[in-house]
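Asker: Supplied in structure tokens, the structure appears directly below.
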Amino acid sequence: VEKMAETQVEFGAINEQNLDQLRKLNVATFPVRYNEKFYQGVLTTPSEITSYAYMNGFVVGAICCRLEPATGPGPKKLYIMTIGVLAAYRRRRIGRKLLDRVLEKVQAGGEVLGEVTEIYLHVQTSNDAALDFYQNAGFTKGELVKDYYRRIDPPDCYIVSKTISRGDDAAAALE
């Protein structure tokens with residue numbers, strides 16, 4: 001049995017100069033269209049949680065997240081707005097590498113991401129591939145949200161989430 005070679009993926013920042021590539025990637029990848037406010041918002045997010053995936057110098061995927069302030073004092077959540085890989089490059093673990101990179105950055109904490117205790121997103125109820133992808137990454141399928149999407153069918157989605165636990169939390173729990 002031949003084993004597939006590990007796909008070499010590099011990550012790069014999304015910025016004003018290459019934002020058009022994200023627009024094109026999203027048109028090719030998602031059934032919904034994102035407005036200019038979405039793209040301008042991407043430019044203000046930390047590069048640890050929003051980046052391109054490159055193969056041989058070409059953009060083949062991207063992940064775009066945003067930090068959501070806690071409601072009141074307390075922990076923050078990270079929302080995955082989009083994660084997409086061009087169809088010709090799927091099934092090569094590129095999406096998983098994009099996701100794992102964000103998970104590692106959040107896990108490491110730091111000044112910006114240290115307060116994040118949960119990562120979540122919305123997944124269309126009919127998108128079994130995405131639901132499997134996230135469940136394989138340790139996410140849990142949660143609440144059903146009716147009529148979340150306006151222009152795609154089915155309009156319903158699930159909230160899919162993962163709780164972030166850090167080593168120091170476990171140590172504190174043992175004290």
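Starting from 1 in every chain, residues are counted up; chains themselves are A, B, ... following the order of the structure tokens, and ligands are numbered from 1 as listed.
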Just the helix (DSSP H, G or I) stuff from segment 100-175 of chain A, please, per backbone DSSP, written as an MDAnalysis selection string.
Answerer: chainID A and resid 100:108 110:113 128:136 167:174
Asker: Using only C-alpha atoms, find each residue of segment 21-54 of chain A with at least one atom at most 10 Å away from an atom of segment 138-151 of chain A; report its shortest atom-to-atom pair and that distance in Å (one decimal), sort the rows by chain and rising residue number, and return the result as a Markdown table.
Answerer:
```
| residue | atom | partner | partner_atom | distance |
| --- | --- | --- | --- | --- |
| A:Pro31 | CA | A:Arg151 | CA | 8.7 |
| A:Val32 | CA | A:Arg151 | CA | 7.3 |
| A:Arg33 | CA | A:Arg151 | CA | 9.5 |
```
Asker: Give me, as a PyMOL selection string, the residues of chain A that a backbone DSSP run labels strand (DSSP E or B).
Answerer: chain A and resi 10-13+50-55+58-68+76-85+116-124+140-145+157-163
Asker: With distances taken over only C-alpha atoms, which residue among A:Tyr120, A:Tyr158, A:Tyr134, A:Tyr39 lies nearest Leu78 of chain A?
Answerer: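 Smallest separation from Leu78 of chain A among the options: A:Tyr120.
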Asker: From the list A:Leu22, A:Val160, A:Leu98, A:Val106, which residue is nearest Gln124 of chain A when using only C-alpha atoms?
Answerer: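 Residue with the minimum atom-to-atom distance to Gln124 of chain A: A:Val160.
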Asker: Under the rule that only C-alpha atoms are counted, which of A:Gly12, A:Pro46, A:Phe38, A:Val27 is the nearest residue to Glu111 of chain A?
Answerer: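 Ranking A:Gly12, A:Pro46, A:Phe38, A:Val27 by distance to Glu111 of chain A, first place goes to A:Pro46.
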Asker: Env of Val112 of chain A: 12 Å cut, atoms = only C-alpha atoms, seq-sep filter 5 positions within chain, self excluded. Answer as an NGL selection string.
Answerer: :A and (45-49 or 66-69 or 75-78 or 105-107)
Asker: Smallest atom-to-atom distance to Thr82 of chain A: which of A:Thr117, A:Thr125, A:Asn26, A:Thr44, using only C-alpha atoms?
Answerer: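 Counting only C-alpha atoms, the residue closest to Thr82 of chain A is A:Asn26.
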Asker: Calculated over only C-alpha atoms, which of the candidates A:Ile152, A:Lys162, A:Lys97, A:Leu43 has the smallest distance to Thr7 of chain A?
Answerer: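 Going through A:Ile152, A:Lys162, A:Lys97, A:Leu43 one by one, the smallest distance to Thr7 of chain A is for A:Lys97.
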Asker: How many Å lie between atom CA of Glu115 of chain A and atom CA of Ile83 of chain A, rounded to one decimal?
Answerer: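 That distance, rounded to one decimal, is 22.3 Å.
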Asker: For Arg101 of chain A, which residue out of A:Leu121, A:Ala87, A:Cys65, A:Leu25 is the nearest one, using only C-alpha atoms?
Answerer: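 Among the listed residues, the smallest separation from Arg101 of chain A belongs to A:Cys65.
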